[in-house]
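Participant: See data-v2.pdb below, with PDB, C-alpha atoms.
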```pdb
ATOM      1  CA  MET A  26      -9.895  -4.256  17.428  1.00  0.00           C
ATOM      2  CA  ARG A  27      -7.298  -5.898  15.177  1.00  0.00           C
ATOM      3  CA  THR A  28      -7.066  -4.693  11.589  1.00  0.00           C
ATOM      4  CA  GLU A  29      -7.960  -8.168  10.309  1.00  0.00           C
ATOM      5  CA  GLU A  30     -11.306  -7.918  12.093  1.00  0.00           C
ATOM      6  CA  VAL A  31     -12.352  -4.688  10.352  1.00  0.00           C
ATOM      7  CA  LYS A  32     -14.179  -5.534   7.127  1.00  0.00           C
ATOM      8  CA  PRO A  33     -15.813  -3.334   4.498  1.00  0.00           C
ATOM      9  CA  TYR A  34     -19.239  -4.922   4.728  1.00  0.00           C
ATOM     10  CA  ASP A  35     -19.237  -6.475   8.226  1.00  0.00           C
ATOM     11  CA  GLU A  36     -20.370  -9.814   6.867  1.00  0.00           C
ATOM     12  CA  GLY A  37     -19.262 -13.356   7.550  1.00  0.00           C
ATOM     13  CA  ARG A  38     -17.196 -13.635   4.390  1.00  0.00           C
ATOM     14  CA  GLU A  39     -13.409 -13.404   4.580  1.00  0.00           C
ATOM     15  CA  LYS A  40     -11.896  -9.935   4.569  1.00  0.00           C
ATOM     16  CA  GLY A  41      -9.919 -10.501   1.363  1.00  0.00           C
ATOM     17  CA  GLU A  42     -13.051 -11.320  -0.609  1.00  0.00           C
ATOM     18  CA  GLN A  43     -14.843  -8.253   0.738  1.00  0.00           C
ATOM     19  CA  VAL A  44     -11.889  -5.965   0.001  1.00  0.00           C
ATOM     20  CA  GLY A  45     -11.741  -7.177  -3.601  1.00  0.00           C
ATOM     21  CA  GLU A  46     -15.462  -6.551  -4.017  1.00  0.00           C
ATOM     22  CA  MET A  47     -15.171  -3.088  -2.458  1.00  0.00           C
ATOM     23  CA  PHE A  48     -12.359  -1.969  -4.765  1.00  0.00           C
ATOM     24  CA  ASP A  49     -14.157  -3.360  -7.808  1.00  0.00           C
ATOM     25  CA  SER A  50     -17.080  -1.171  -6.787  1.00  0.00           C
ATOM     26  CA  ILE A  51     -15.150   2.074  -6.292  1.00  0.00           C
ATOM     27  CA  ALA A  52     -12.542   1.618  -9.060  1.00  0.00           C
ATOM     28  CA  PRO A  53     -14.108   4.149 -11.501  1.00  0.00           C
ATOM     29  CA  ALA A  54     -14.092   6.906  -8.847  1.00  0.00           C
ATOM     30  CA  TYR A  55     -10.919   5.878  -7.004  1.00  0.00           C
ATOM     31  CA  ASP A  56      -8.392   8.279  -8.564  1.00  0.00           C
ATOM     32  CA  PHE A  57     -10.686  11.282  -8.195  1.00  0.00           C
ATOM     33  CA  MET A  58     -11.537  10.415  -4.600  1.00  0.00           C
ATOM     34  CA  ASN A  59      -7.875   9.840  -3.746  1.00  0.00           C
ATOM     35  CA  SER A  60      -6.952  13.309  -4.979  1.00  0.00           C
ATOM     36  CA  ALA A  61      -9.963  14.974  -3.396  1.00  0.00           C
ATOM     37  CA  MET A  62      -9.558  13.331   0.026  1.00  0.00           C
ATOM     38  CA  THR A  63      -5.858  14.213   0.293  1.00  0.00           C
ATOM     39  CA  PHE A  64      -6.080  17.616  -1.463  1.00  0.00           C
ATOM     40  CA  GLY A  65      -3.557  16.234  -3.943  1.00  0.00           C
ATOM     41  CA  MET A  66      -0.945  15.591  -1.257  1.00  0.00           C
ATOM     42  CA  HIS A  67      -0.846  11.866  -2.048  1.00  0.00           C
ATOM     43  CA  ARG A  68       1.490  12.715  -4.947  1.00  0.00           C
ATOM     44  CA  LEU A  69       3.931  14.456  -2.618  1.00  0.00           C
ATOM     45  CA  TRP A  70       3.765  11.572  -0.129  1.00  0.00           C
ATOM     46  CA  ARG A  71       4.446   9.091  -2.924  1.00  0.00           C
ATOM     47  CA  ARG A  72       7.469  11.026  -4.175  1.00  0.00           C
ATOM     48  CA  LYS A  73       8.958  11.295  -0.685  1.00  0.00           C
ATOM     49  CA  ALA A  74       8.338   7.637   0.141  1.00  0.00           C
ATOM     50  CA  LEU A  75       9.846   6.303  -3.077  1.00  0.00           C
ATOM     51  CA  ARG A  76      12.804   8.644  -2.717  1.00  0.00           C
ATOM     52  CA  MET A  77      13.380   7.107   0.714  1.00  0.00           C
ATOM     53  CA  LEU A  78      13.135   3.653  -0.843  1.00  0.00           C
ATOM     54  CA  ASN A  79      15.675   4.549  -3.527  1.00  0.00           C
ATOM     55  CA  GLU A  80      18.106   5.929  -0.948  1.00  0.00           C
ATOM     56  CA  SER A  81      17.820   2.766   1.145  1.00  0.00           C
ATOM     57  CA  LEU A  82      18.785   0.404  -1.681  1.00  0.00           C
ATOM     58  CA  ARG A  83      22.365  -0.682  -2.153  1.00  0.00           C
ATOM     59  CA  ALA A  84      21.939  -1.017  -5.916  1.00  0.00           C
ATOM     60  CA  GLY A  85      19.248  -0.364  -8.489  1.00  0.00           C
ATOM     61  CA  PRO A  86      16.792  -3.304  -8.482  1.00  0.00           C
ATOM     62  CA  LYS A  87      16.222  -5.331 -11.626  1.00  0.00           C
ATOM     63  CA  GLU A  88      12.784  -6.520 -10.526  1.00  0.00           C
ATOM     64  CA  VAL A  89      10.298  -4.503  -8.448  1.00  0.00           C
ATOM     65  CA  LEU A  90       6.911  -5.605  -7.106  1.00  0.00           C
ATOM     66  CA  ASP A  91       4.101  -3.169  -6.280  1.00  0.00           C
ATOM     67  CA  ILE A  92       1.517  -4.996  -4.164  1.00  0.00           C
ATOM     68  CA  ALA A  93      -2.056  -3.680  -3.874  1.00  0.00           C
ATOM     69  CA  CYS A  94      -1.122  -1.560  -6.883  1.00  0.00           C
ATOM     70  CA  GLY A  95      -4.679  -0.337  -7.453  1.00  0.00           C
ATOM     71  CA  THR A  96      -4.878   1.924 -10.500  1.00  0.00           C
ATOM     72  CA  GLY A  97      -1.111   1.841 -10.974  1.00  0.00           C
ATOM     73  CA  ASP A  98       0.210   5.271  -9.974  1.00  0.00           C
ATOM     74  CA  VAL A  99       2.952   3.864  -7.735  1.00  0.00           C
ATOM     75  CA  THR A 100       3.769   1.236 -10.363  1.00  0.00           C
ATOM     76  CA  PHE A 101       4.290   3.906 -13.019  1.00  0.00           C
ATOM     77  CA  HIS A 102       6.408   6.001 -10.639  1.00  0.00           C
ATOM     78  CA  LEU A 103       8.601   2.980  -9.850  1.00  0.00           C
ATOM     79  CA  ALA A 104       9.180   2.292 -13.544  1.00  0.00           C
ATOM     80  CA  ARG A 105      10.442   5.844 -14.028  1.00  0.00           C
ATOM     81  CA  LEU A 106      12.453   5.865 -10.804  1.00  0.00           C
ATOM     82  CA  PHE A 107      14.233   2.620 -11.753  1.00  0.00           C
ATOM     83  CA  PRO A 108      14.643   2.785 -15.545  1.00  0.00           C
ATOM     84  CA  GLU A 109      16.533  -0.528 -15.720  1.00  0.00           C
ATOM     85  CA  ALA A 110      13.914  -2.459 -13.741  1.00  0.00           C
ATOM     86  CA  ARG A 111      10.922  -4.523 -14.704  1.00  0.00           C
ATOM     87  CA  VAL A 112       7.959  -3.651 -12.499  1.00  0.00           C
ATOM     88  CA  THR A 113       5.049  -5.921 -11.594  1.00  0.00           C
ATOM     89  CA  GLY A 114       1.843  -4.426 -10.235  1.00  0.00           C
ATOM     90  CA  ALA A 115      -0.311  -6.950  -8.368  1.00  0.00           C
ATOM     91  CA  ASP A 116      -3.815  -6.455  -7.002  1.00  0.00           C
ATOM     92  CA  LEU A 117      -6.753  -8.681  -6.082  1.00  0.00           C
ATOM     93  CA  SER A 118      -9.292  -6.292  -7.653  1.00  0.00           C
ATOM     94  CA  ALA A 119      -9.962  -6.908 -11.334  1.00  0.00           C
ATOM     95  CA  GLY A 120     -11.760  -3.558 -11.501  1.00  0.00           C
ATOM     96  CA  MET A 121      -8.751  -1.607 -10.285  1.00  0.00           C
ATOM     97  CA  LEU A 122      -6.453  -3.482 -12.664  1.00  0.00           C
ATOM     98  CA  ARG A 123      -8.678  -2.601 -15.620  1.00  0.00           C
ATOM     99  CA  VAL A 124      -8.183   1.072 -14.801  1.00  0.00           C
ATOM    100  CA  ALA A 125      -4.408   0.543 -14.377  1.00  0.00           C
ATOM    101  CA  ARG A 126      -4.078  -1.210 -17.743  1.00  0.00           C
ATOM    102  CA  ARG A 127      -6.107   1.508 -19.461  1.00  0.00           C
ATOM    103  CA  LYS A 128      -3.844   4.186 -17.959  1.00  0.00           C
ATOM    104  CA  LEU A 129      -0.769   2.236 -19.091  1.00  0.00           C
ATOM    105  CA  ALA A 130      -2.067   2.100 -22.659  1.00  0.00           C
ATOM    106  CA  GLU A 131      -3.316   5.697 -22.810  1.00  0.00           C
ATOM    107  CA  ARG A 132      -0.845   7.666 -20.668  1.00  0.00           C
ATOM    108  CA  HIS A 133       2.263   5.551 -20.086  1.00  0.00           C
ATOM    109  CA  ALA A 134       2.669   3.578 -23.299  1.00  0.00           C
ATOM    110  CA  GLY A 135       6.424   4.173 -23.262  1.00  0.00           C
ATOM    111  CA  LEU A 136       6.671   2.025 -20.144  1.00  0.00           C
ATOM    112  CA  ALA A 137       4.594  -0.863 -21.483  1.00  0.00           C
ATOM    113  CA  ASP A 138       7.604  -3.096 -22.183  1.00  0.00           C
ATOM    114  CA  ARG A 139       8.713  -2.919 -18.534  1.00  0.00           C
ATOM    115  CA  ILE A 140       5.386  -3.041 -16.657  1.00  0.00           C
ATOM    116  CA  ARG A 141       2.972  -5.899 -16.204  1.00  0.00           C
ATOM    117  CA  PHE A 142      -0.197  -5.973 -14.136  1.00  0.00           C
ATOM    118  CA  MET A 143      -1.553  -9.175 -12.675  1.00  0.00           C
ATOM    119  CA  GLU A 144      -4.404 -10.231 -10.423  1.00  0.00           C
ATOM    120  CA  ALA A 145      -2.916 -11.804  -7.287  1.00  0.00           C
ATOM    121  CA  ASP A 146      -3.640 -12.227  -3.595  1.00  0.00           C
ATOM    122  CA  CYS A 147      -0.917 -10.777  -1.357  1.00  0.00           C
ATOM    123  CA  MET A 148      -1.379 -13.730   0.993  1.00  0.00           C
ATOM    124  CA  ALA A 149      -0.257 -16.220  -1.686  1.00  0.00           C
ATOM    125  CA  LEU A 150       1.865 -14.469  -4.286  1.00  0.00           C
ATOM    126  CA  PRO A 151       2.521 -16.499  -7.458  1.00  0.00           C
ATOM    127  CA  MET A 152       6.219 -15.565  -7.469  1.00  0.00           C
ATOM    128  CA  ALA A 153       9.328 -17.512  -6.586  1.00  0.00           C
ATOM    129  CA  ASP A 154      11.371 -16.899  -3.451  1.00  0.00           C
ATOM    130  CA  ASN A 155      13.966 -14.116  -3.632  1.00  0.00           C
ATOM    131  CA  SER A 156      12.554 -12.624  -6.845  1.00  0.00           C
ATOM    132  CA  PHE A 157      12.479  -8.854  -6.233  1.00  0.00           C
ATOM    133  CA  GLY A 158      15.019  -6.267  -5.178  1.00  0.00           C
ATOM    134  CA  ALA A 159      12.261  -4.021  -3.828  1.00  0.00           C
ATOM    135  CA  VAL A 160       8.599  -4.426  -2.862  1.00  0.00           C
ATOM    136  CA  THR A 161       6.127  -1.611  -2.263  1.00  0.00           C
ATOM    137  CA  VAL A 162       2.637  -1.367  -0.782  1.00  0.00           C
ATOM    138  CA  ALA A 163       0.811   1.976  -0.814  1.00  0.00           C
ATOM    139  CA  TYR A 164      -2.275   2.268   1.391  1.00  0.00           C
ATOM    140  CA  GLY A 165      -2.856  -1.460   1.195  1.00  0.00           C
ATOM    141  CA  VAL A 166      -1.555  -3.310   4.247  1.00  0.00           C
ATOM    142  CA  ARG A 167      -4.566  -2.378   6.410  1.00  0.00           C
ATOM    143  CA  ASN A 168      -6.679  -4.323   3.905  1.00  0.00           C
ATOM    144  CA  PHE A 169      -4.712  -7.562   4.315  1.00  0.00           C
ATOM    145  CA  GLN A 170      -6.514 -10.673   5.465  1.00  0.00           C
ATOM    146  CA  ASP A 171      -3.590 -11.406   7.818  1.00  0.00           C
ATOM    147  CA  LEU A 172      -1.134  -8.524   8.232  1.00  0.00           C
ATOM    148  CA  GLU A 173       1.788 -10.467   9.700  1.00  0.00           C
ATOM    149  CA  GLY A 174       1.214 -13.265   7.204  1.00  0.00           C
ATOM    150  CA  GLY A 175       1.269 -10.694   4.400  1.00  0.00           C
ATOM    151  CA  TYR A 176       4.602  -9.378   5.637  1.00  0.00           C
ATOM    152  CA  ARG A 177       6.017 -12.901   5.716  1.00  0.00           C
ATOM    153  CA  GLU A 178       4.898 -13.440   2.140  1.00  0.00           C
ATOM    154  CA  MET A 179       6.508 -10.194   1.006  1.00  0.00           C
ATOM    155  CA  LEU A 180       9.673 -11.166   2.862  1.00  0.00           C
ATOM    156  CA  ARG A 181       9.672 -14.475   0.979  1.00  0.00           C
ATOM    157  CA  VAL A 182       9.677 -12.869  -2.476  1.00  0.00           C
ATOM    158  CA  LEU A 183      12.246 -10.180  -1.584  1.00  0.00           C
ATOM    159  CA  ARG A 184      15.877 -10.820  -2.457  1.00  0.00           C
ATOM    160  CA  PRO A 185      18.338 -10.898   0.459  1.00  0.00           C
ATOM    161  CA  GLY A 186      19.278  -7.291   1.197  1.00  0.00           C
ATOM    162  CA  GLY A 187      16.125  -6.035  -0.566  1.00  0.00           C
ATOM    163  CA  THR A 188      13.809  -3.407   0.884  1.00  0.00           C
ATOM    164  CA  LEU A 189      10.088  -3.274   1.534  1.00  0.00           C
ATOM    165  CA  CYS A 190       8.484   0.192   1.420  1.00  0.00           C
ATOM    166  CA  VAL A 191       5.026   0.586   2.944  1.00  0.00           C
ATOM    167  CA  ILE A 192       3.018   3.807   2.749  1.00  0.00           C
ATOM    168  CA  GLU A 193       0.055   3.799   5.107  1.00  0.00           C
ATOM    169  CA  LEU A 194      -2.322   6.281   6.660  1.00  0.00           C
ATOM    170  CA  CYS A 195      -2.110   6.950  10.377  1.00  0.00           C
ATOM    171  CA  GLU A 196      -3.753   9.114  13.020  1.00  0.00           C
ATOM    172  CA  PRO A 197      -2.102  12.307  14.340  1.00  0.00           C
ATOM    173  CA  LYS A 198      -0.868  12.236  17.935  1.00  0.00           C
ATOM    174  CA  ASN A 199      -1.458  15.949  18.545  1.00  0.00           C
ATOM    175  CA  ALA A 200      -4.863  16.278  20.260  1.00  0.00           C
ATOM    176  CA  PRO A 201      -6.308  19.203  18.226  1.00  0.00           C
ATOM    177  CA  MET A 202      -5.109  17.692  14.943  1.00  0.00           C
ATOM    178  CA  ARG A 203      -6.468  14.307  15.991  1.00  0.00           C
ATOM    179  CA  PHE A 204      -9.879  15.853  16.660  1.00  0.00           C
ATOM    180  CA  GLY A 205      -9.932  17.570  13.265  1.00  0.00           C
ATOM    181  CA  TYR A 206      -8.693  14.411  11.554  1.00  0.00           C
ATOM    182  CA  LYS A 207     -11.446  12.277  13.078  1.00  0.00           C
ATOM    183  CA  LEU A 208     -14.105  14.836  12.210  1.00  0.00           C
ATOM    184  CA  TYR A 209     -12.894  14.901   8.619  1.00  0.00           C
ATOM    185  CA  THR A 210     -12.418  11.161   8.107  1.00  0.00           C
ATOM    186  CA  ARG A 211     -15.560  10.039   9.933  1.00  0.00           C
ATOM    187  CA  THR A 212     -18.036  12.566   8.566  1.00  0.00           C
ATOM    188  CA  LEU A 213     -16.962  14.415   5.419  1.00  0.00           C
ATOM    189  CA  ILE A 214     -15.119  11.573   3.684  1.00  0.00           C
ATOM    190  CA  PRO A 215     -17.911   8.994   4.131  1.00  0.00           C
ATOM    191  CA  LEU A 216     -20.497  11.502   2.863  1.00  0.00           C
ATOM    192  CA  ALA A 217     -18.430  12.401  -0.196  1.00  0.00           C
ATOM    193  CA  GLY A 218     -17.519   8.779  -0.822  1.00  0.00           C
ATOM    194  CA  ARG A 219     -21.102   7.592  -0.753  1.00  0.00           C
ATOM    195  CA  PHE A 220     -22.155  10.335  -3.163  1.00  0.00           C
ATOM    196  CA  LEU A 221     -19.295  10.012  -5.651  1.00  0.00           C
ATOM    197  CA  SER A 222     -18.523   6.287  -5.600  1.00  0.00           C
ATOM    198  CA  GLY A 223     -21.988   4.872  -4.972  1.00  0.00           C
ATOM    199  CA  ASP A 224     -20.619   2.471  -2.325  1.00  0.00           C
ATOM    200  CA  ARG A 225     -22.161   3.285   1.039  1.00  0.00           C
ATOM    201  CA  SER A 226     -19.685   1.164   3.013  1.00  0.00           C
ATOM    202  CA  ALA A 227     -16.292   1.739   1.378  1.00  0.00           C
ATOM    203  CA  TYR A 228     -15.518   5.170   2.805  1.00  0.00           C
ATOM    204  CA  THR A 229     -16.964   4.316   6.203  1.00  0.00           C
ATOM    205  CA  TYR A 230     -14.573   1.366   6.277  1.00  0.00           C
ATOM    206  CA  LEU A 231     -11.624   3.680   5.512  1.00  0.00           C
ATOM    207  CA  PRO A 232     -11.312   5.472   8.903  1.00  0.00           C
ATOM    208  CA  ARG A 233     -12.139   2.293  10.818  1.00  0.00           C
ATOM    209  CA  SER A 234      -9.392   0.371   9.041  1.00  0.00           C
ATOM    210  CA  ILE A 235      -6.855   3.152   9.651  1.00  0.00           C
ATOM    211  CA  SER A 236      -7.647   3.271  13.353  1.00  0.00           C
ATOM    212  CA  ALA A 237      -7.299  -0.509  13.721  1.00  0.00           C
ATOM    213  CA  CYS A 238      -4.034  -0.798  11.766  1.00  0.00           C
ATOM    214  CA  PRO A 239      -0.704  -0.821  13.667  1.00  0.00           C
ATOM    215  CA  GLN A 240       1.037   2.544  13.418  1.00  0.00           C
ATOM    216  CA  ARG A 241       4.517   3.954  13.913  1.00  0.00           C
ATOM    217  CA  GLY A 242       6.570   1.746  16.258  1.00  0.00           C
ATOM    218  CA  ASP A 243       3.851  -0.887  16.455  1.00  0.00           C
ATOM    219  CA  MET A 244       4.097  -1.365  12.695  1.00  0.00           C
ATOM    220  CA  THR A 245       7.886  -1.677  12.644  1.00  0.00           C
ATOM    221  CA  SER A 246       7.699  -4.146  15.546  1.00  0.00           C
ATOM    222  CA  LEU A 247       5.315  -6.262  13.490  1.00  0.00           C
ATOM    223  CA  MET A 248       7.697  -6.148  10.519  1.00  0.00           C
ATOM    224  CA  LEU A 249      10.554  -7.360  12.699  1.00  0.00           C
ATOM    225  CA  ARG A 250       8.381 -10.119  14.120  1.00  0.00           C
ATOM    226  CA  ALA A 251       7.582 -11.225  10.563  1.00  0.00           C
ATOM    227  CA  GLY A 252      11.301 -11.732   9.925  1.00  0.00           C
ATOM    228  CA  PHE A 253      12.750  -8.491   8.566  1.00  0.00           C
ATOM    229  CA  CYS A 254      16.196  -7.737   9.964  1.00  0.00           C
ATOM    230  CA  GLU A 255      15.598  -4.015  10.417  1.00  0.00           C
ATOM    231  CA  ALA A 256      12.659  -1.618  10.147  1.00  0.00           C
ATOM    232  CA  ARG A 257      12.180   2.108  10.533  1.00  0.00           C
ATOM    233  CA  TYR A 258       9.525   4.710   9.849  1.00  0.00           C
ATOM    234  CA  LYS A 259       8.954   8.383   9.154  1.00  0.00           C
ATOM    235  CA  VAL A 260       5.672  10.256   9.557  1.00  0.00           C
ATOM    236  CA  LEU A 261       4.974  12.819   6.835  1.00  0.00           C
ATOM    237  CA  PHE A 262       3.128  16.135   7.101  1.00  0.00           C
ATOM    238  CA  PRO A 263       0.433  16.588   8.339  1.00  0.00           C
ATOM    239  CA  SER A 264       1.113  13.555  10.577  1.00  0.00           C
ATOM    240  CA  THR A 265      -1.417  11.400   8.752  1.00  0.00           C
ATOM    241  CA  VAL A 266       0.903   9.224   6.636  1.00  0.00           C
ATOM    242  CA  GLY A 267       3.638   6.863   7.719  1.00  0.00           C
ATOM    243  CA  VAL A 268       6.422   5.554   5.479  1.00  0.00           C
ATOM    244  CA  TYR A 269       7.871   2.258   6.689  1.00  0.00           C
ATOM    245  CA  LEU A 270      11.085   0.741   5.347  1.00  0.00           C
ATOM    246  CA  ALA A 271      12.091  -2.816   6.225  1.00  0.00           C
ATOM    247  CA  ARG A 272      15.078  -4.783   4.963  1.00  0.00           C
ATOM    248  CA  LYS A 273      15.497  -8.479   4.383  1.00  0.00           C
ATOM    249  CA  GLY A 274      18.672  -9.878   5.895  1.00  0.00           C
ATOM    250  CA  ILE A 275      21.491 -11.150   3.729  1.00  0.00           C
ATOM    251  CA  GLU A 276      21.595 -14.902   4.115  1.00  0.00           C
ATOM    252  CA  ARG A 277      24.937 -16.299   5.161  1.00  0.00           C
ATOM    253  CA  ILE A 278      26.324 -19.305   3.338  1.00  0.00           C
ATOM    254  CA  GLU A 279      28.537 -21.393   5.571  1.00  0.00           C
ATOM    255  CA  PRO A 280      31.865 -22.640   4.078  1.00  0.00           C
ATOM    256  CA  GLY A 281      31.516 -26.003   2.428  1.00  0.00           C
ATOM    257  CA  VAL A 282      27.720 -25.765   2.146  1.00  0.00           C
TER     258      VAL A 282
END
```
Represent the supplied structure as structure tokens.
Facilitator:
Amino acid sequence: MRTEEVKPYDEGREKGEQVGEMFDSIAPAYDFMNSAMTFGMHRLWRRKALRMLNESLRAGPKEVLDIACGTGDVTFHLARLFPEARVTGADLSAGMLRVARRKLAERHAGLADRIRFMEADCMALPMADNSFGAVTVAYGVRNFQDLEGGYREMLRVLRPGGTLCVIELCEPKNAPMRFGYKLYTRTLIPLAGRFLSGDRSAYTYLPRSISACPQRGDMTSLMLRAGFCEARYKVLFPSTVGVYLARKGIERIEPGV
């Protein structure tokens, strides 16, 4: 099954609308669940991924876009990693953005002059072409209405030579680890999610969406097909998270044009 066909509520409505509704529903419990489900390792994964992004850039970006920013943790990290940059966090869930803005005001007020949060659909970003030196998406691409179309839209707003960094969950290849992973994600996480978030479908959707999403080489192939000039990936311990880096080509200007 293609990732676009996996929806939170298995209804006839478009996936994007359902995803927005789902994240509005779980927004109050999202940060706690994220830490509990990953045993706090999501912080380590974020640090490693954004370090890889920083190392891949030819110069410090002046504008950075964090798509599917959720409650803003990656956005805040980007603002500290690139102290000269303005960072935009975009998400289609108003509920998640409310949490992000509250965290900005209460915990990260010193960054308020360089961070803005806005409600936006990744399939039709309200930004001009070639606007950002770097774009990030953490645990969001499997929720896209059209994954390749989303990559094309991110490519559009990236500056030539800019880098896209995607962090996404994946399934282990090792058979014993894969068995344990499936047991954990398909039984324990849905039970805990239903109890703590109150949304019976959200954490059942999670493992289904991971399984359906392109992983490893399949993901980088999709990035190249969308128009990126190069793409690579690294799987982080314990083989359940992939970091994907893709670069936009530098456009050539012919003499006399």
Participant: Env of region 49-60 of chain A: 8 Å cut, atoms = only C-alpha atoms, seq-sep filter 5 positions within chain, self excluded. Answer as a VMD selection string.
Facilitator: chain A and resid 65 to 67 96 118 to 121 124 218 221 to 224 227
Participant: Run the PyMOL selection byres ((chain A and resi 169-176) around 10) mentally over the shown coordinates, then write out the matched residues as a ChimeraX atom specification, using the chain letters and numbers from the document.
Facilitator: /A:27-32,39-44,93,146-150,165-168,177-181,189,238-239,244,247-253,271
Participant: Using CA of Ser156 (chain A) and CA of Leu82 (chain A) as the two end points, give the distance in Å to one decimal.
Facilitator: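 Answer for the CA of Ser156 (chain A) to CA of Leu82 (chain A) separation: 15.3 Å.
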Participant: For the structure shown, which residues end up in the PyMOL selection byres ((chain A and resi 86) around 9)? Put them as a list in words, please?
Facilitator: Leu82, Arg83, Ala84, Gly85, Lys87, Glu88, Val89, Phe107, Glu109, Ala110, Arg111, Phe157, Gly158, Ala159 and Gly187 of chain A
Participant: Might you spell out which residues the PyMOL selection byres ((chain A and resi 232) around 10) would select in the displayed file, as a list in words?
Facilitator: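 So the PyMOL selection byres ((chain A and resi 232) around 10), applied here, picks out Leu194, Cys195, Glu196, Tyr206, Lys207, Tyr209, Thr210, Arg211, Thr212, Ile214, Pro215, Ala227, Tyr228, Thr229, Tyr230, Leu231, Arg233, Ser234, Ile235, Ser236 and Ala237 of chain A.
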Participant: Which residue gives the smallest distance to Tyr269 (chain A) among A:Tyr34, A:Tyr164, A:Phe142, A:Phe101, with all atoms listed in the file counted?
Facilitator: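 Closest residue, counting all atoms listed in the file: A:Tyr164.
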Participant: Can you work out the spacing between CA of Asp91 (chain A) and CA of Leu103 (chain A) in Å, to one decimal?
Facilitator: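 For CA of Asp91 (chain A) relative to CA of Leu103 (chain A), the distance reads 8.4 Å.
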Participant: Could you jot down the CA of Gly95 (chain A) to CA of Glu193 (chain A) separation for me, Å, one decimal place?
Facilitator: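 Answer for the CA of Gly95 (chain A) to CA of Glu193 (chain A) separation: 14.0 Å.
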Participant: Within 12 Å of (6.6, 12.1, 13.8) (file coordinates; only C-alpha atoms), which protein or nucleic acid residues are there? I'd like them as a list in words.
Facilitator: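 Residues lying no farther than 12 Å from the given point: Cys195, Glu196, Pro197, Lys198, Asn199, Gln240, Arg241, Gly242, Arg257, Tyr258, Lys259, Val260, Leu261, Phe262, Pro263, Ser264, Thr265, Val266, Gly267 and Val268 of chain A.
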Participant: Taking (2.8, 3.8, -10.1) in the file's coordinates as the center, which residues reach within 12 Å of it, counting only C-alpha atoms, put as a PyMOL selection string?
Facilitator: chain A and resi 67-68+71-72+75+89-107+112-115+125-126+128-129+132-133+136+140-142+161-163
